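Okay, final.cif now, which holds mmCIF, C-alpha atoms:
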data_upload
loop_
_atom_site.group_PDB
_atom_site.id
_atom_site.type_symbol
_atom_site.label_atom_id
_atom_site.label_comp_id
_atom_site.auth_asym_id
_atom_site.auth_seq_id
_atom_site.Cartn_x
_atom_site.Cartn_y
_atom_site.Cartn_z
ATOM 1 C CA MET D 1184 14.748 -34.361 -1.714
ATOM 2 C CA THR D 1185 17.917 -34.200 0.343
ATOM 3 C CA PRO D 1186 19.688 -31.017 1.538
ATOM 4 C CA PRO D 1187 22.507 -31.495 -1.003
ATOM 5 C CA GLU D 1188 19.906 -31.791 -3.773
ATOM 6 C CA ILE D 1189 18.306 -28.557 -2.606
ATOM 7 C CA GLN D 1190 21.724 -26.901 -2.548
ATOM 8 C CA THR D 1191 22.435 -28.109 -6.099
ATOM 9 C CA GLY D 1192 19.061 -26.961 -7.397
ATOM 10 C CA LEU D 1193 19.319 -23.571 -5.741
ATOM 11 C CA THR D 1194 22.830 -23.040 -7.071
ATOM 12 C CA LYS D 1195 21.667 -23.863 -10.603
ATOM 13 C CA ILE D 1196 18.845 -21.326 -10.311
ATOM 14 C CA PHE D 1197 21.152 -18.563 -9.077
ATOM 15 C CA ARG D 1198 23.796 -19.314 -11.707
ATOM 16 C CA GLU D 1199 21.190 -19.138 -14.496
ATOM 17 C CA THR D 1200 19.522 -16.028 -13.105
ATOM 18 C CA PHE D 1201 22.758 -14.079 -12.780
ATOM 19 C CA ALA D 1202 24.407 -15.684 -15.824
ATOM 20 C CA ASP D 1203 27.402 -16.633 -13.689
ATOM 21 C CA PRO D 1204 28.408 -20.301 -14.074
ATOM 22 C CA ASN D 1205 30.978 -19.991 -11.278
ATOM 23 C CA LEU D 1206 28.697 -18.510 -8.627
ATOM 24 C CA VAL D 1207 29.113 -20.307 -5.306
ATOM 25 C CA LEU D 1208 26.322 -19.811 -2.798
ATOM 26 C CA ALA D 1209 26.757 -19.391 0.941
ATOM 27 C CA PRO D 1210 23.848 -19.229 3.406
ATOM 28 C CA GLU D 1211 24.662 -15.713 4.590
ATOM 29 C CA MET D 1212 24.761 -14.204 1.083
ATOM 30 C CA THR D 1213 22.300 -11.358 0.515
ATOM 31 C CA ALA D 1214 21.446 -9.018 -2.337
ATOM 32 C CA LYS D 1215 24.437 -6.925 -1.319
ATOM 33 C CA ASP D 1216 26.778 -9.811 -2.145
ATOM 34 C CA ILE D 1217 25.477 -10.620 -5.629
ATOM 35 C CA GLU D 1218 25.568 -7.872 -8.219
ATOM 36 C CA GLY D 1219 22.217 -7.278 -9.873
ATOM 37 C CA TRP D 1220 20.107 -9.003 -7.210
ATOM 38 C CA ASP D 1221 17.217 -6.559 -7.190
ATOM 39 C CA SER D 1222 13.465 -7.025 -6.867
ATOM 40 C CA LEU D 1223 13.110 -8.026 -10.516
ATOM 41 C CA LYS D 1224 15.716 -10.755 -10.213
ATOM 42 C CA MET D 1225 14.030 -11.832 -6.984
ATOM 43 C CA VAL D 1226 10.807 -12.521 -8.906
ATOM 44 C CA ILE D 1227 12.722 -14.641 -11.397
ATOM 45 C CA ILE D 1228 14.395 -16.616 -8.584
ATOM 46 C CA ILE D 1229 11.115 -17.206 -6.743
ATOM 47 C CA LEU D 1230 9.367 -18.378 -9.923
ATOM 48 C CA ALA D 1231 12.219 -20.747 -10.651
ATOM 49 C CA VAL D 1232 12.229 -22.062 -7.058
ATOM 50 C CA GLU D 1233 8.474 -22.708 -7.209
ATOM 51 C CA GLU D 1234 8.779 -24.519 -10.505
ATOM 52 C CA ARG D 1235 11.883 -26.558 -9.711
ATOM 53 C CA PHE D 1236 10.909 -27.623 -6.195
ATOM 54 C CA GLY D 1237 7.150 -27.924 -6.801
ATOM 55 C CA ILE D 1238 6.183 -25.552 -4.015
ATOM 56 C CA GLU D 1239 4.157 -22.338 -3.770
ATOM 57 C CA LEU D 1240 5.403 -19.497 -1.622
ATOM 58 C CA ARG D 1241 3.011 -17.294 0.308
ATOM 59 C CA THR D 1242 3.463 -13.551 0.152
ATOM 60 C CA ARG D 1243 4.591 -13.319 3.801
ATOM 61 C CA GLU D 1244 7.158 -16.019 3.149
ATOM 62 C CA MET D 1245 8.517 -14.084 0.163
ATOM 63 C CA ASP D 1246 8.832 -10.864 2.140
ATOM 64 C CA ALA D 1247 10.838 -12.701 4.808
ATOM 65 C CA LEU D 1248 13.458 -13.929 2.313
ATOM 66 C CA ARG D 1249 16.625 -11.980 3.029
ATOM 67 C CA CYS D 1250 19.494 -14.327 2.197
ATOM 68 C CA VAL D 1251 20.361 -17.577 0.451
ATOM 69 C CA GLY D 1252 19.977 -19.452 3.740
ATOM 70 C CA ASP D 1253 16.368 -18.248 4.015
ATOM 71 C CA PHE D 1254 15.627 -19.783 0.609
ATOM 72 C CA PHE D 1255 17.244 -23.043 1.641
ATOM 73 C CA ALA D 1256 15.302 -23.229 4.928
ATOM 74 C CA LEU D 1257 11.994 -22.399 3.275
ATOM 75 C CA ILE D 1258 12.429 -24.971 0.511
ATOM 76 C CA GLU D 1259 13.381 -27.621 3.055
ATOM 77 C CA GLN D 1260 10.323 -26.780 5.130
ATOM 78 C CA LYS D 1261 7.867 -26.752 2.202
ATOM 79 C CA ARG D 1262 9.208 -29.455 -0.094
ATOM 80 C CA PRO D 1263 6.784 -32.287 -0.814
ATOM 81 C CA ASP D 1264 7.497 -35.489 1.160
ATOM 82 C CA MET J 541 11.106 2.700 15.497
ATOM 83 C CA PRO J 542 11.974 -0.311 13.293
ATOM 84 C CA ALA J 543 15.031 -0.197 11.047
ATOM 85 C CA LEU J 544 14.443 1.870 7.939
ATOM 86 C CA ASP J 545 14.476 -1.088 5.545
ATOM 87 C CA LYS J 546 11.952 -2.997 7.673
ATOM 88 C CA LEU J 547 9.804 0.108 8.000
ATOM 89 C CA MET J 548 9.696 0.646 4.238
ATOM 90 C CA LEU J 549 8.713 -2.974 3.580
ATOM 91 C CA ARG J 550 5.350 -2.172 5.161
ATOM 92 C CA PHE J 551 4.348 0.018 2.223
ATOM 93 C CA GLU J 552 3.096 -1.019 -1.186
ATOM 94 C CA ALA J 553 2.885 1.384 -4.105
ATOM 95 C CA LEU J 554 -0.290 1.740 -6.128
ATOM 96 C CA GLY J 555 1.032 4.516 -8.367
ATOM 97 C CA ASP J 556 1.086 6.850 -9.983
ATOM 98 C CA ASN J 557 4.783 6.351 -10.657
ATOM 99 C CA CYS J 558 7.895 4.729 -9.179
ATOM 100 C CA GLU J 559 8.665 7.399 -6.539
ATOM 101 C CA LEU J 560 7.830 5.180 -3.545
ATOM 102 C CA GLY J 561 9.675 2.270 -5.149
ATOM 103 C CA LEU J 562 12.820 4.374 -5.351
ATOM 104 C CA VAL J 563 12.363 5.596 -1.765
ATOM 105 C CA GLN J 564 12.197 1.944 -0.689
ATOM 106 C CA ARG J 565 15.337 1.178 -2.662
ATOM 107 C CA ARG J 566 17.190 4.053 -0.952
ATOM 108 C CA ALA J 567 16.159 2.538 2.407
ATOM 109 C CA GLY J 568 17.545 -0.869 1.399
ATOM 110 C CA ALA J 569 14.091 -2.426 1.011
ATOM 111 C CA GLU J 570 13.325 -4.343 -2.182
ATOM 112 C CA PRO J 571 9.754 -5.590 -1.797
ATOM 113 C CA LEU J 572 8.090 -7.333 -4.692
ATOM 114 C CA GLY J 573 5.220 -5.185 -5.843
ATOM 115 C CA LEU J 574 3.098 -5.207 -8.970
ATOM 116 C CA LEU J 575 2.902 -1.416 -9.182
ATOM 117 C CA ARG J 576 6.231 -0.601 -7.568
ATOM 118 C CA PHE J 577 7.942 0.116 -10.866
ATOM 119 C CA ALA J 578 5.108 -0.423 -13.331
ATOM 120 C CA GLY J 579 2.905 2.568 -14.051
ATOM 121 C CA PHE J 580 -0.243 3.212 -16.028
ATOM 122 C CA PHE J 581 0.953 4.654 -19.315
ATOM 123 C CA ILE J 582 -2.054 6.923 -19.795
ATOM 124 C CA PRO J 583 -2.747 10.604 -19.061
ATOM 125 C CA LEU J 584 -2.116 11.542 -15.450
ATOM 126 C CA GLU J 585 -5.697 12.582 -14.763
ATOM 127 C CA ILE J 586 -7.182 9.151 -15.519
ATOM 128 C CA ARG J 587 -4.592 6.900 -13.843
ATOM 129 C CA LEU J 588 -6.545 6.590 -10.616
ATOM 130 C CA ALA J 589 -9.725 5.704 -12.506
ATOM 131 C CA ARG J 590 -7.786 2.994 -14.350
ATOM 132 C CA LEU J 591 -6.445 1.624 -11.063
ATOM 133 C CA LEU J 592 -10.009 1.464 -9.718
ATOM 134 C CA LYS J 593 -11.162 -0.503 -12.764
ATOM 135 C CA ALA J 594 -8.192 -2.842 -12.453
ATOM 136 C CA LEU J 595 -8.964 -3.485 -8.781
ATOM 137 C CA GLU J 596 -12.601 -4.099 -9.630
ATOM 138 C CA CYS J 597 -11.673 -6.910 -12.022
ATOM 139 C CA ARG J 598 -8.768 -8.086 -9.821
ATOM 140 C CA PHE J 599 -6.312 -7.458 -12.673
ATOM 141 C CA GLU J 600 -7.861 -10.449 -14.417
ATOM 142 C CA GLY J 601 -5.888 -11.347 -17.533
ATOM 143 C CA LEU J 602 -2.681 -9.649 -16.441
ATOM 144 C CA GLY J 603 0.289 -11.553 -17.805
ATOM 145 C CA ARG J 604 -1.415 -13.044 -20.858
ATOM 146 C CA PRO J 605 1.463 -13.305 -23.363
ATOM 147 C CA ASP J 606 -0.496 -11.638 -26.162
ATOM 148 C CA THR J 607 -0.855 -8.489 -24.025
ATOM 149 C CA VAL J 608 2.884 -8.086 -23.348
ATOM 150 C CA ARG J 609 5.132 -6.270 -25.785
ATOM 151 C CA VAL J 610 8.870 -5.582 -25.690
ATOM 152 C CA GLU J 611 10.093 -2.329 -27.245
ATOM 153 C CA ALA J 612 13.574 -0.857 -27.420
ATOM 154 C CA ALA J 613 13.763 2.777 -26.351
ATOM 155 C CA GLY J 614 16.222 5.394 -25.184
ATOM 156 C CA ALA J 615 19.154 7.355 -26.511
ATOM 157 C CA GLU J 616 21.436 5.807 -29.135
ATOM 158 C CA GLY J 617 24.053 3.622 -27.461
ATOM 159 C CA ARG J 618 22.031 3.332 -24.238
ATOM 160 C CA ARG J 619 18.862 1.782 -25.523
ATOM 161 C CA GLU J 620 17.019 -0.677 -23.282
ATOM 162 C CA TYR J 621 13.909 -2.799 -23.572
ATOM 163 C CA LEU J 622 10.694 -1.334 -22.214
ATOM 164 C CA ILE J 623 7.791 -3.596 -21.340
ATOM 165 C CA LYS J 624 4.323 -2.496 -22.432
ATOM 166 C CA GLU J 625 1.238 -4.334 -21.244
ATOM 167 C CA SER J 626 -1.972 -3.640 -23.138
ATOM 168 C CA ALA J 627 -4.750 -5.100 -20.950
ATOM 169 C CA PHE J 628 -4.194 -2.451 -18.257
ATOM 170 C CA ASP J 629 -1.887 -0.021 -20.110
ATOM 171 C CA LEU J 630 1.057 -0.686 -17.832
ATOM 172 C CA MET J 631 4.611 0.164 -18.765
ATOM 173 C CA TYR J 632 7.944 -0.386 -17.036
ATOM 174 C CA HIS J 633 11.670 -0.670 -17.568
ATOM 175 C CA SER J 634 13.167 -4.126 -18.024
ATOM 176 C CA PHE J 635 16.686 -2.804 -17.233
ATOM 177 C CA GLN J 636 17.887 -5.070 -20.069
ATOM 178 C CA ALA J 637 20.013 -3.379 -22.709
ATOM 179 C CA GLU J 638 18.882 -3.746 -26.309
ATOM 180 C CA GLY J 639 20.506 -6.829 -27.798
ATOM 181 C CA SER J 640 21.423 -8.370 -24.429
ATOM 182 C CA ILE J 641 18.549 -10.840 -24.525
ATOM 183 C CA ASP J 642 16.202 -12.263 -27.128
ATOM 184 C CA PRO J 643 13.079 -10.028 -27.053
ATOM 185 C CA GLY J 644 10.761 -13.037 -27.407
ATOM 186 C CA LYS J 645 12.360 -14.755 -24.422
ATOM 187 C CA LEU J 646 12.160 -11.522 -22.449
ATOM 188 C CA ARG J 647 8.478 -11.152 -23.311
ATOM 189 C CA ASP J 648 7.711 -14.669 -22.059
ATOM 190 C CA MET J 649 9.628 -14.023 -18.831
ATOM 191 C CA GLU J 650 7.872 -10.721 -18.261
ATOM 192 C CA ALA J 651 4.465 -12.296 -18.887
ATOM 193 C CA LYS J 652 5.192 -14.911 -16.215
ATOM 194 C CA LYS J 653 6.452 -12.211 -13.892
ATOM 195 C CA LEU J 654 3.298 -10.145 -14.275
ATOM 196 C CA GLU J 655 1.138 -13.180 -13.563
ATOM 197 C CA PHE J 656 3.207 -13.869 -10.447
ATOM 198 C CA LEU J 657 3.063 -10.251 -9.256
ATOM 199 C CA ARG J 658 -0.704 -10.230 -9.716
ATOM 200 C CA ARG J 659 -0.984 -13.312 -7.492
ATOM 201 C CA LYS J 660 1.174 -11.658 -4.845
ATOM 202 C CA PHE J 661 -0.715 -8.360 -5.069
ATOM 203 C CA LEU J 662 -4.059 -10.073 -4.519
ATOM 204 C CA SER J 663 -2.569 -11.995 -1.620
ATOM 205 C CA ASP J 664 -1.249 -8.761 -0.076
ATOM 206 C CA LEU J 665 -4.677 -7.187 -0.458
ATOM 207 C CA ALA J 666 -6.340 -10.129 1.263
ATOM 208 C CA ASP J 667 -3.791 -10.219 4.108
ATOM 209 C CA GLY J 668 -4.281 -6.541 4.993
ATOM 210 C CA ASP J 669 -0.742 -6.229 6.398
ATOM 211 C CA LYS J 670 0.559 -3.618 3.971
ATOM 212 C CA ILE J 671 -0.108 0.087 3.883
ATOM 213 C CA PHE J 672 -1.068 0.868 0.290
ATOM 214 C CA VAL J 673 0.211 4.156 -1.062
ATOM 215 C CA TRP J 674 -1.242 6.446 -3.698
ATOM 216 C CA LYS J 675 0.589 9.612 -4.729
ATOM 217 C CA SER J 676 0.023 11.854 -7.693
ATOM 218 C CA ASN J 677 1.526 15.165 -8.688
ATOM 219 C CA ALA J 678 -1.987 16.053 -9.854
ATOM 220 C CA PRO J 679 -4.130 16.060 -6.680
ATOM 221 C CA PRO J 680 -7.115 13.719 -7.119
ATOM 222 C CA PRO J 681 -10.678 14.617 -6.102
ATOM 223 C CA ASP J 682 -11.618 13.409 -2.591
ATOM 224 C CA ALA J 683 -14.402 11.300 -4.099
ATOM 225 C CA ASP J 684 -11.878 9.285 -6.102
ATOM 226 C CA ILE J 685 -9.844 8.644 -2.968
ATOM 227 C CA ASP J 686 -13.030 7.470 -1.224
ATOM 228 C CA ARG J 687 -13.628 5.038 -4.069
ATOM 229 C CA LEU J 688 -10.052 3.781 -3.783
ATOM 230 C CA VAL J 689 -10.371 3.168 -0.029
ATOM 231 C CA ALA J 690 -13.636 1.296 -0.630
ATOM 232 C CA ALA J 691 -12.056 -0.769 -3.412
ATOM 233 C CA LEU J 692 -9.080 -1.733 -1.233
ATOM 234 C CA ARG J 693 -11.268 -2.650 1.719
ATOM 235 C CA ARG J 694 -13.375 -4.976 -0.401
ATOM 236 C CA PHE J 695 -10.327 -7.268 -0.385
ATOM 237 C CA GLY J 696 -9.471 -7.006 3.306
ATOM 238 C CA PRO J 697 -8.920 -4.588 6.226
ATOM 239 C CA ASN J 698 -6.585 -2.398 4.193
ATOM 240 C CA ILE J 699 -5.233 1.076 4.844
ATOM 241 C CA LEU J 700 -4.649 3.626 2.102
ATOM 242 C CA LEU J 701 -1.936 6.220 2.650
ATOM 243 C CA TRP J 702 -2.743 9.132 0.360
ATOM 244 C CA VAL J 703 0.401 11.198 -0.080
ATOM 245 C CA ALA J 704 0.224 14.885 -0.930
ATOM 246 C CA GLU J 705 2.611 17.819 -1.022
ATOM 247 C CA ALA J 706 2.961 19.833 2.173
ATOM 248 C CA ASP J 707 1.232 23.176 2.571
ATOM 249 C CA ALA J 708 1.009 25.871 5.252
ATOM 250 C CA GLU J 709 -1.327 23.810 7.455
ATOM 251 C CA HIS J 710 0.344 20.485 6.840
ATOM 252 C CA PRO J 711 4.130 20.524 7.146
ATOM 253 C CA ALA J 712 6.167 17.708 5.681
ATOM 254 C CA GLY J 713 6.008 14.594 7.846
ATOM 255 C CA THR J 714 2.447 15.244 9.012
ATOM 256 C CA VAL J 715 0.012 12.334 8.777
ATOM 257 C CA GLU J 716 -3.707 12.718 9.352
ATOM 258 C CA ALA J 717 -6.050 9.843 10.129
ATOM 259 C CA LYS J 718 -8.947 10.928 7.945
ATOM 260 C CA ARG J 719 -11.256 8.022 8.679
ATOM 261 C CA THR J 720 -11.238 4.228 8.889
ATOM 262 C CA GLY J 721 -8.840 2.906 6.313
ATOM 263 C CA LEU J 722 -7.493 6.287 5.202
ATOM 264 C CA LEU J 723 -4.374 8.169 6.241
ATOM 265 C CA LYS J 724 -3.212 11.310 4.470
ATOM 266 C CA GLY J 725 0.503 12.032 4.623
ATOM 267 C CA TYR J 726 2.512 15.012 3.458
ATOM 268 C CA VAL J 727 5.986 15.225 1.924
ATOM 269 C CA ASP J 728 7.642 18.541 1.163
ATOM 270 C CA ARG J 729 7.534 17.949 -2.591
ATOM 271 C CA PHE J 730 7.220 15.219 -5.199
ATOM 272 C CA ALA J 731 9.888 14.432 -7.750
ATOM 273 C CA PRO J 732 9.054 15.934 -11.135
ATOM 274 C CA TYR J 733 7.840 13.293 -13.606
ATOM 275 C CA ALA J 734 10.643 14.256 -15.979
ATOM 276 C CA ASN J 735 13.257 13.563 -13.305
ATOM 277 C CA ALA J 736 11.847 10.774 -11.160
ATOM 278 C CA THR J 737 15.024 10.337 -9.103
ATOM 279 C CA ASP J 738 14.983 13.916 -7.758
ATOM 280 C CA ILE J 739 13.254 12.709 -4.600
ATOM 281 C CA SER J 740 12.953 14.316 -1.186
ATOM 282 C CA TYR J 741 13.966 11.075 0.571
ATOM 283 C CA GLU J 742 14.124 12.308 4.160
ATOM 284 C CA SER J 743 10.674 13.775 3.851
ATOM 285 C CA TRP J 744 9.302 10.427 2.673
ATOM 286 C CA PHE J 745 11.081 8.502 5.422
ATOM 287 C CA ALA J 746 9.704 10.791 8.146
ATOM 288 C CA MET J 747 6.191 10.648 6.745
ATOM 289 C CA CYS J 748 6.244 6.861 6.365
ATOM 290 C CA ALA J 749 7.498 6.396 9.938
ATOM 291 C CA GLU J 750 4.609 8.486 11.215
ATOM 292 C CA ALA J 751 2.087 6.668 9.009
ATOM 293 C CA ALA J 752 3.307 3.290 10.271
ATOM 294 C CA ARG J 753 3.064 4.525 13.856
ATOM 295 C CA GLN J 754 -0.498 5.713 13.344
ATOM 296 C CA ALA J 755 -1.475 2.507 11.574
ATOM 297 C CA ARG J 756 -0.158 0.561 14.578
ATOM 298 C CA GLU J 757 -2.022 2.754 17.040
ATOM 299 C CA THR J 758 -5.305 2.924 15.216
ATOM 300 C CA VAL J 759 -5.637 -0.610 13.980
ATOM 301 C CA GLY J 760 -3.003 -2.411 15.981
ATOM 302 C CA ARG J 761 -0.705 -3.351 13.101
#
Can the structure from this file be put into structure tokens for me?
Amino acid sequence: MTPPEIQTGLTKIFRETFADPNLVLAPEMTAKDIEGWDSLKMVIIILAVEERFGIELRTREMDALRCVGDFFALIEQKRPD
Amino acid sequence: MPALDKLMLRFEALGDNCELGLVQRRAGAEPLGLLRFAGFFIPLEIRLARLLKALECRFEGLGRPDTVRVEAAGAEGRREYLIKESAFDLMYHSFQAEGSIDPGKLRDMEAKKLEFLRRKFLSDLADGDKIFVWKSNAPPPDADIDRLVAALRRFGPNILLWVAEADAEHPAGTVEAKRTGLLKGYVDRFAPYANATDISYESWFAMCAEAARQARETVGR
């Protein structure tokens, strides 16, 4: 999976989660930048990331997720070869 | 001292309500926690006993779709869906307004979420990095707290922070190391159950900072 494919997949997940078809992600975006991004939405995003990218996140990895760029880096690091 | 949001990420709520979860939110920390906003929907006096039973069976079966129910509740015009879970008698807000989502779809999502949060909770217990917090407006017997410490430490080298209301000998912000795996912290008052957002935030922040400091000093983390 290439970085653009990760970007596309992640964008789709965020757009579906926040019901915003025009949402454009940037690496530095945090919960403060996206309305409604609370802990409950975070669970939904993580579940979708695990399912879509075929990875399993450890609890320490989840706690370290602060921004969109963190998701991108973690998926890139854990994606199956 | 670490930044307030980082500090508050160290704590994980065990109940008996969402007070710690809201304190974390005020600090800008949004950790994922099974019992952060979900509470045991049973009489106050038996909530700790139910938590002990749930720990004993590792919340086995949590998230089975047939145990999750979606119910609309609240005042007319502001009704939202509540989630009720029957295997462990948990209840929590979905923050979804009535009619904004198909209840069946919401139930399936919530079932998956509970299963996920159980996995994370068990992982947190095994890692032993978090400080687990029990508070109750009805003070529990010491023996029950002992059982809770023992239950937590069966999973890993965990610390329980037992939070109580301050008294003459224990001003707000005080934290006592009672024994291995048990800290007792004091806040000036708890929020009333009927008004869960009426929280003494500064008191919680001060007490948590001291608890984290003592946890670092006594067990090196």
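Each of D:Leu1230, D:Asp1253, D:Arg1235, D:Pro1263 was compared to chain J using all atoms listed in the file, and D:Leu1230 turns out to be the nearest.
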Return as JSON lines the residues of chain J lying at most 9 Å from chain D, together with the closest atom-to-atom pair for each and the distance in Å to one decimal, counting only C-alpha atoms, with rows in chain order and ascending residue number.
{"residue": "J:Leu549", "atom": "CA", "partner": "D:Asp1246", "partner_atom": "CA", "distance": 8.0}
{"residue": "J:Glu570", "atom": "CA", "partner": "D:Ser1222", "partner_atom": "CA", "distance": 5.4}
{"residue": "J:Pro571", "atom": "CA", "partner": "D:Ser1222", "partner_atom": "CA", "distance": 6.4}
{"residue": "J:Leu572", "atom": "CA", "partner": "D:Ser1222", "partner_atom": "CA", "distance": 5.8}
{"residue": "J:Gly573", "atom": "CA", "partner": "D:Ser1222", "partner_atom": "CA", "distance": 8.5}
{"residue": "J:Ser634", "atom": "CA", "partner": "D:Leu1223", "partner_atom": "CA", "distance": 8.5}
{"residue": "J:Met649", "atom": "CA", "partner": "D:Ile1227", "partner_atom": "CA", "distance": 8.1}
{"residue": "J:Lys652", "atom": "CA", "partner": "D:Leu1230", "partner_atom": "CA", "distance": 8.3}
{"residue": "J:Lys653", "atom": "CA", "partner": "D:Val1226", "partner_atom": "CA", "distance": 6.6}
{"residue": "J:Phe656", "atom": "CA", "partner": "D:Leu1230", "partner_atom": "CA", "distance": 7.7}
{"residue": "J:Leu657", "atom": "CA", "partner": "D:Val1226", "partner_atom": "CA", "distance": 8.1}
{"residue": "J:Arg659", "atom": "CA", "partner": "D:Thr1242", "partner_atom": "CA", "distance": 8.8}
{"residue": "J:Lys660", "atom": "CA", "partner": "D:Thr1242", "partner_atom": "CA", "distance": 5.8}
{"residue": "J:Phe661", "atom": "CA", "partner": "D:Thr1242", "partner_atom": "CA", "distance": 8.5}
{"residue": "J:Ser663", "atom": "CA", "partner": "D:Thr1242", "partner_atom": "CA", "distance": 6.5}
{"residue": "J:Asp664", "atom": "CA", "partner": "D:Thr1242", "partner_atom": "CA", "distance": 6.7}
{"residue": "J:Asp667", "atom": "CA", "partner": "D:Thr1242", "partner_atom": "CA", "distance": 8.9}
Need to verify the contact set: D:Pro1186, 9 Å, all atoms listed in the file, exclusion of same-chain residues closer than 4 positions in sequence. Can you return it as a ChimeraX atom specification? /D:1190-1191,1255,1259
Excluding stretch 734-750 of chain J and residues on its chain fewer than 3 positions from it, collect all residues at most 10 Å away from it, counting all atoms listed in the file, and give them as a PDB file with C-alpha atoms, in the frame of the given file.
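Final file, out06.pdb:
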ATOM      1  CA  MET J 541      11.106   2.700  15.497  1.00  0.00           C
ATOM      2  CA  PRO J 542      11.974  -0.311  13.293  1.00  0.00           C
ATOM      3  CA  LEU J 544      14.443   1.870   7.939  1.00  0.00           C
ATOM      4  CA  LEU J 547       9.804   0.108   8.000  1.00  0.00           C
ATOM      5  CA  MET J 548       9.696   0.646   4.238  1.00  0.00           C
ATOM      6  CA  ARG J 550       5.350  -2.172   5.161  1.00  0.00           C
ATOM      7  CA  PHE J 551       4.348   0.018   2.223  1.00  0.00           C
ATOM      8  CA  ASN J 557       4.783   6.351 -10.657  1.00  0.00           C
ATOM      9  CA  CYS J 558       7.895   4.729  -9.179  1.00  0.00           C
ATOM     10  CA  GLU J 559       8.665   7.399  -6.539  1.00  0.00           C
ATOM     11  CA  LEU J 560       7.830   5.180  -3.545  1.00  0.00           C
ATOM     12  CA  LEU J 562      12.820   4.374  -5.351  1.00  0.00           C
ATOM     13  CA  VAL J 563      12.363   5.596  -1.765  1.00  0.00           C
ATOM     14  CA  GLN J 564      12.197   1.944  -0.689  1.00  0.00           C
ATOM     15  CA  ARG J 566      17.190   4.053  -0.952  1.00  0.00           C
ATOM     16  CA  ALA J 567      16.159   2.538   2.407  1.00  0.00           C
ATOM     17  CA  ILE J 671      -0.108   0.087   3.883  1.00  0.00           C
ATOM     18  CA  VAL J 673       0.211   4.156  -1.062  1.00  0.00           C
ATOM     19  CA  LEU J 701      -1.936   6.220   2.650  1.00  0.00           C
ATOM     20  CA  VAL J 703       0.401  11.198  -0.080  1.00  0.00           C
ATOM     21  CA  ALA J 706       2.961  19.833   2.173  1.00  0.00           C
ATOM     22  CA  PRO J 711       4.130  20.524   7.146  1.00  0.00           C
ATOM     23  CA  ALA J 712       6.167  17.708   5.681  1.00  0.00           C
ATOM     24  CA  GLY J 713       6.008  14.594   7.846  1.00  0.00           C
ATOM     25  CA  THR J 714       2.447  15.244   9.012  1.00  0.00           C
ATOM     26  CA  VAL J 715       0.012  12.334   8.777  1.00  0.00           C
ATOM     27  CA  GLU J 716      -3.707  12.718   9.352  1.00  0.00           C
ATOM     28  CA  LYS J 724      -3.212  11.310   4.470  1.00  0.00           C
ATOM     29  CA  GLY J 725       0.503  12.032   4.623  1.00  0.00           C
ATOM     30  CA  TYR J 726       2.512  15.012   3.458  1.00  0.00           C
ATOM     31  CA  VAL J 727       5.986  15.225   1.924  1.00  0.00           C
ATOM     32  CA  ASP J 728       7.642  18.541   1.163  1.00  0.00           C
ATOM     33  CA  ARG J 729       7.534  17.949  -2.591  1.00  0.00           C
ATOM     34  CA  PHE J 730       7.220  15.219  -5.199  1.00  0.00           C
ATOM     35  CA  ALA J 731       9.888  14.432  -7.750  1.00  0.00           C
ATOM     36  CA  ARG J 753       3.064   4.525  13.856  1.00  0.00           C
ATOM     37  CA  GLN J 754      -0.498   5.713  13.344  1.00  0.00           C
ATOM     38  CA  ALA J 755      -1.475   2.507  11.574  1.00  0.00           C
ATOM     39  CA  ARG J 756      -0.158   0.561  14.578  1.00  0.00           C
TER      40      ARG J 756
END
Test item: axis-aligned box, all listed atoms of stretch 644-652 of chain J, 5 Å on each side, centre and edges in Å rounded to one decimal, as JSON:
{"center_x": 8.4, "center_y": -12.8, "center_z": -21.8, "size_x": 17.9, "size_y": 14.2, "size_z": 21.2}
For D:Gly1192, find every residue with an atom within 9 Å (counting only C-alpha atoms), except residues of its own chain fewer than 4 positions away, and show them as a list of chain:residue names.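 Near D:Gly1192, the qualifying residues are D:Pro1187, D:Glu1188, D:Ile1196, D:Phe1197, D:Val1232, D:Arg1235, D:Phe1236.
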Store the residues picked out above in a file with C-alpha atoms, as a CSV table (one decimal), in the coordinates of the input.
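Final output, saved to selection.csv:
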chain,number,residue,atom,x,y,z
D,1187,PRO,CA,22.5,-31.5,-1.0
D,1188,GLU,CA,19.9,-31.8,-3.8
D,1196,ILE,CA,18.8,-21.3,-10.3
D,1197,PHE,CA,21.2,-18.6,-9.1
D,1232,VAL,CA,12.2,-22.1,-7.1
D,1235,ARG,CA,11.9,-26.6,-9.7
D,1236,PHE,CA,10.9,-27.6,-6.2
Rounded to one decimal in Å, what is the spacing between atom CA of J:Ala615 and atom CA of J:Ala651?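 That distance, rounded to one decimal, is 25.7 Å.
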Given the choices J:Pro679, J:Gly721, J:Gly603, J:Gly568, which gets closest to J:Ala691 if the distance is worked out from only C-alpha atoms?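 Result for the nearest residue to J:Ala691: J:Gly721.
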Could you pull the residues within 12 Å of D:Ala1202, counting all atoms listed in the file, minus those fewer than 6 positions along the same chain, as number ranges by chain? D: 1194-1196, 1217-1220, 1224; J: 640-641
Applying the PyMOL selection byres ((chain D and resi 1211) around 7) to the file I just gave you, which residues come out? Please list them as a ChimeraX atom specification. /D:1209-1210,1212-1213,1250-1252
Between atom CA of J:Leu723 and atom CA of J:Trp702 lies a distance of 6.2 Å
List the residues selected by the PyMOL selection byres ((chain J and resi 588) around 10) in the file shown, writing them as a PyMOL selection string. chain J and resi 554-556+580+584-587+589-594+674-676+680+684-685+687-688
Tell me which of J:Ala751, J:Ala678, J:Ala543, J:Ala613 sits closest to J:Leu722, counting only C-alpha atoms.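 Of J:Ala751, J:Ala678, J:Ala543, J:Ala613, the one nearest J:Leu722, counting only C-alpha atoms, is J:Ala751.
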To one decimal in Å, tell me the separation between atom CA of J:Ile623 and atom CA of J:Lys670. 26.3 Å
